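Engineer: The structure's right below; bear with me while I get my questions together.
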There are 2 protein chains.
Amino acid sequence: MKAPHSRHGHQAKPATIKDIARELGVSITTVSRAMRDFPDVNPQTRQAVLDMARQLDYQPNQVALSLVTSHTNSIGVIVPNLDYFFATAVRGIDELAIEAGYTVLTCQSNESYGREITNTQRLMNGRVDGLIVSLSSETSNVDHFRRLLQRSVPMVFFDRVGTDLEATKVMLDNYDGAVQAVSHLYEQGCRRIAYLAGPASLSISNQRKKGYLGTLEKYGLSVREELIVHCPFDQAHAYRATLALLDGPERPDAIFAISDRIAVGALLALRERGVAVPEEVALVGFNDEPVAALLTPALSSVGQPAFEMGRLAAQLFIEQMNSDELMPPKTELLKPRLVVRESSLKRGR
Amino acid sequence: MKAPHSRHGHQAKPATIKDIARELGVSITTVSRAMRDFPDVNPQTRQAVLDMARQLDYQPNQVALSLVTSHTNSIGVIVPNLDYFFATAVRGIDELAIEAGYTVLTCQSNESYGREITNTQRLMNGRVDGLIVSLSSETSNVDHFRRLLQRSVPMVFFDRVGTDLEATKVMLDNYDGAVQAVSHLYEQGCRRIAYLAGPASLSISNQRKKGYLGTLEKYGLSVREELIVHCPFDQAHAYRATLALLDGPERPDAIFAISDRIAVGALLALRERGVAVPEEVALVGFNDEPVAALLTPALSSVGQPAFEMGRLAAQLFIEQMNSDELMPPKTELLKPRLVVRESSLKRGR
DNA sequence: TTGTAAGCGTTATCAT
DNA sequence: ATGATAACGCTTACAA
């Protein structure tokens, strides 16, 4: 955590407008103006400046520029990790941001609250104009973001958003995603549907849980607490949780998993116990990652438009940047779409 | 590509040392010293400064600091994409860099030469202290990096490195990886081994090709040009290329794929044609991504230590930063390890 | 059309 | 123990 002490001592200094000015015997102002295509510079002067700039391999110093203008034309992105979903979302952010002239600087919090704070601070200490963020699974206190919001720093949260944060958000209709998954399982004849949830602190986990519970209720199925299992976002935990579920008193006939990775853990456990999928236990994941289609049986999964989500987040960010008045926070809800594959198809195969 | 014009006009200015100084009636120098725990400041003054800093929610302006010190304590990372391999490598870079006090700023070139250049410029203009880079598949001209190298900007290349670049590199022993894969296929009785290669411009593709050719020669197998297919790094192309291979005059009895994603494309084509894997055609991929173990049949794959590669790249970078003399470029070669699974096991199953 | 000077927030050098 | 001042590289009034 401590800053490096030694300096790298042999870096030839890059050319500055000062060098160009000295070389040409003009003032730095003239150089500055020529470089930026100001109308009132002598064409010959401009050309001379441009030539000299090329000759000296001049690159404008963005740091100095930022100090003057107090903005950087770059967006800080903080994501919990770079799995398929987030990598895709970041590509979406990238695409829009780059064409709008912004540079996207991505950091991973690595699902750590502490690292999320460090990233936030370092990014905001002058490097970026604002932040696009998806919360780490450890994060429950969002004061570090709230402070920035109070300063009107442009921010957009996506996917894993803070519920009690007055900010612009882009998220999936997680409730609906769960409804689609659980309704489908019900229609396939499943009556003891388990929910393999994520960490209880996460908004997405709870929203999906509500959708799960709502659907059970709709169909008059009783809620069995033993069938709702919270586990960390990794395959090994999901594997163990599923084994416990299978060995428990209340063996489910279907599992709705909060992510495909969790579903994979479950699938491995089901194979291990020799449980037929989907005949004995049907399985639905979430995210519709490419791996879903490659599993045997191919995994049904609730797809979410990760790329689109990133694009939209970037778009809202840029709108905030470009607006001269403070924009009221708004929440955009994207629609999930269940992709049915073999792992949940008991009928009509 | 043009810079945004409008400004975000309602951002309350963050406090500066000037504000603290004014508030306390001391000089900015004193504040600066107090903040940095200088020995010769009156403890009471220091305390007053610290208190005021907290009260004003003071955050040091990293931009101003950078302008003075001309370094930023940050590393720019440019990767072609954020697939499993690169995401893992970036985590490795992150881990080491963060504990050394650096911030890691990641950009994707999206396999585009132009975007790689833009990223390089923007990152360097933002004055990151140096770059850790893996080349885009489009990149054949590396002058943009050579210029930086000439200025002694600290740089480390990893995985996809420029062959004719005098720089520090971390790479896999790709030759050996191919040797392991092809030898294994030979030992399984395969004699018509195809190589599904990547873009011909990529060093890794060619190094693996050499390993492939070397192994054929070692076992006295003749080289059939029709069995060497270059295709872009995506599943769809691999799928089509494999179909062509299967329908061709020289149907292979094994396929060595340059990546797991390519192998997946091949596997899909093999399924499509009803070709038994591994009985009729054995298959080996590269990278040993998690998906490999989940396929049916499970995919044999040459594993590479992505995380370790990232860590090592960061370590070499930091060594460069900390050294006062110019360090001669060196190349670190990491060892691959073939993981044998069902897709290539014809015997002793 | 061009130049001078102030200022962005900080550190470093030299005084006091 | 504290302060004035220059400097980092650039932009932007304001002058000329």
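Convention: chains lettered A, B, ... in structure tokens order; per-chain residue numbering from 1; ligands numbered from 1 as shown.
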Find the residues near range 295-305 of chain A: any atom within 6 Å, counting only C-alpha atoms (C1' of nucleotides), skip ones fewer than 5 places away on the same chain, and give them as a ChimeraX atom specification.
Structural biologist: /A:284-288,336-343 /B:295
Engineer: If DSSP is run on the backbone, what residues of range 114-314 of chain A are strand (DSSP E or B)? A reply as a PyMOL selection string would be ideal.
Structural biologist: chain A and resi 130-133+155-158+168-172+193-197+228-230+254-257+282-287+300-303
Engineer: Any chance you could tabulate, as a Markdown table, the residues of chain A at most 12 Å from chain D with each one's nearest atom pair and distance in Å to one decimal, using only C-alpha atoms (C1' of nucleotides), in chain and rising number order?
Structural biologist:
```
| residue | atom | partner | partner_atom | distance |
| --- | --- | --- | --- | --- |
| A:Pro14 | CA | D:DG9 | C1' | 11.0 |
| A:Ala15 | CA | D:DG9 | C1' | 10.2 |
| A:Thr16 | CA | D:DG9 | C1' | 7.0 |
| A:Ile17 | CA | D:DG9 | C1' | 7.8 |
| A:Lys18 | CA | D:DG9 | C1' | 8.2 |
| A:Asp19 | CA | D:DG9 | C1' | 10.9 |
| A:Ile28 | CA | D:DC10 | C1' | 9.3 |
| A:Thr29 | CA | D:DT11 | C1' | 8.5 |
| A:Thr30 | CA | D:DT11 | C1' | 11.5 |
| A:Val31 | CA | D:DC10 | C1' | 10.9 |
| A:Ser32 | CA | D:DT11 | C1' | 8.1 |
| A:Arg33 | CA | D:DT11 | C1' | 9.4 |
| A:Met35 | CA | D:DC10 | C1' | 11.9 |
| A:Arg36 | CA | D:DT11 | C1' | 10.9 |
| A:Gln59 | CA | D:DG9 | C1' | 11.3 |
| A:Pro60 | CA | D:DG9 | C1' | 8.7 |
| A:Asn61 | CA | D:DG9 | C1' | 6.7 |
| A:Gln62 | CA | D:DC10 | C1' | 8.8 |
| A:Val63 | CA | D:DG9 | C1' | 8.2 |
| A:Ala64 | CA | D:DG9 | C1' | 5.1 |
| A:Leu65 | CA | D:DC10 | C1' | 5.4 |
| A:Ser66 | CA | D:DC10 | C1' | 8.7 |
| A:Leu67 | CA | D:DC10 | C1' | 8.2 |
| A:Val68 | CA | D:DT11 | C1' | 6.5 |
| A:Thr69 | CA | D:DT11 | C1' | 7.8 |
| A:Ser70 | CA | D:DT11 | C1' | 11.3 |
```
Engineer: For a quick test of understanding: name the residues of chain C lying within 10 Å of chain A when counting only C-alpha atoms (C1' of nucleotides), and present them as a PyMOL selection string.
Structural biologist: chain C and resi 1-4+7-9
Engineer: Quick check, in Å to one decimal: how far apart do CA of Gly130 in chain B and CA of Gln320 in chain B lie?
Structural biologist: 9.7 Å
Engineer: Can you pull out every residue from range 16-206 of chain A that DSSP, working from the backbone, puts in helix (DSSP H, G or I), and format the result as a ChimeraX atom specification?
Structural biologist: /A:17-24,28-35,43-55,62-69,84-99,113-124,143-150,174-187,203-206
Engineer: Restricting the calculation to only C-alpha atoms, which member of B:Met321, B:Ala269, B:Ile20, B:Met309 is positioned closest to chain A?
Structural biologist: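 Of B:Met321, B:Ala269, B:Ile20, B:Met309, the one nearest chain A is B:Met321, counting only C-alpha atoms.
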Engineer: So, counting only C-alpha atoms, which residue among B:Ser222, B:Asn81, B:Ser201, B:Ser259 is closest to chain A?
Structural biologist: B:Asn81
Engineer: What residues in chain B lie within 8 Å of chain A, counting only C-alpha atoms, written as a ChimeraX atom specification?
Structural biologist: /B:1-13,59-64,66-67,73,82-84,87,98-107,119,122,125-127,151-153,291,294-296,320-326
Engineer: Quick one: residues within 9 Å of Ala241 in chain A, only C-alpha atoms (C1' of nucleotides), excluding same-chain residues fewer than 6 positions away - as a list in words?
Structural biologist: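 Once the adjacent positions are removed, what remains is Leu196, Val229, His230, Cys231, Gly265, Ala266 and Ala269 of chain A.
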Engineer: How far is it from CA of Ser344 in chain B to CA of Gln180 in chain B, in Å with one decimal?
Structural biologist: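 So the two atoms, CA of Ser344 in chain B and CA of Gln180 in chain B, lie 12.5 Å apart.
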Engineer: Report the distance between CA of Gly211 in chain B and CA of Ala306 in chain B in Å, rounded to one decimal place.
Structural biologist: 20.3 Å
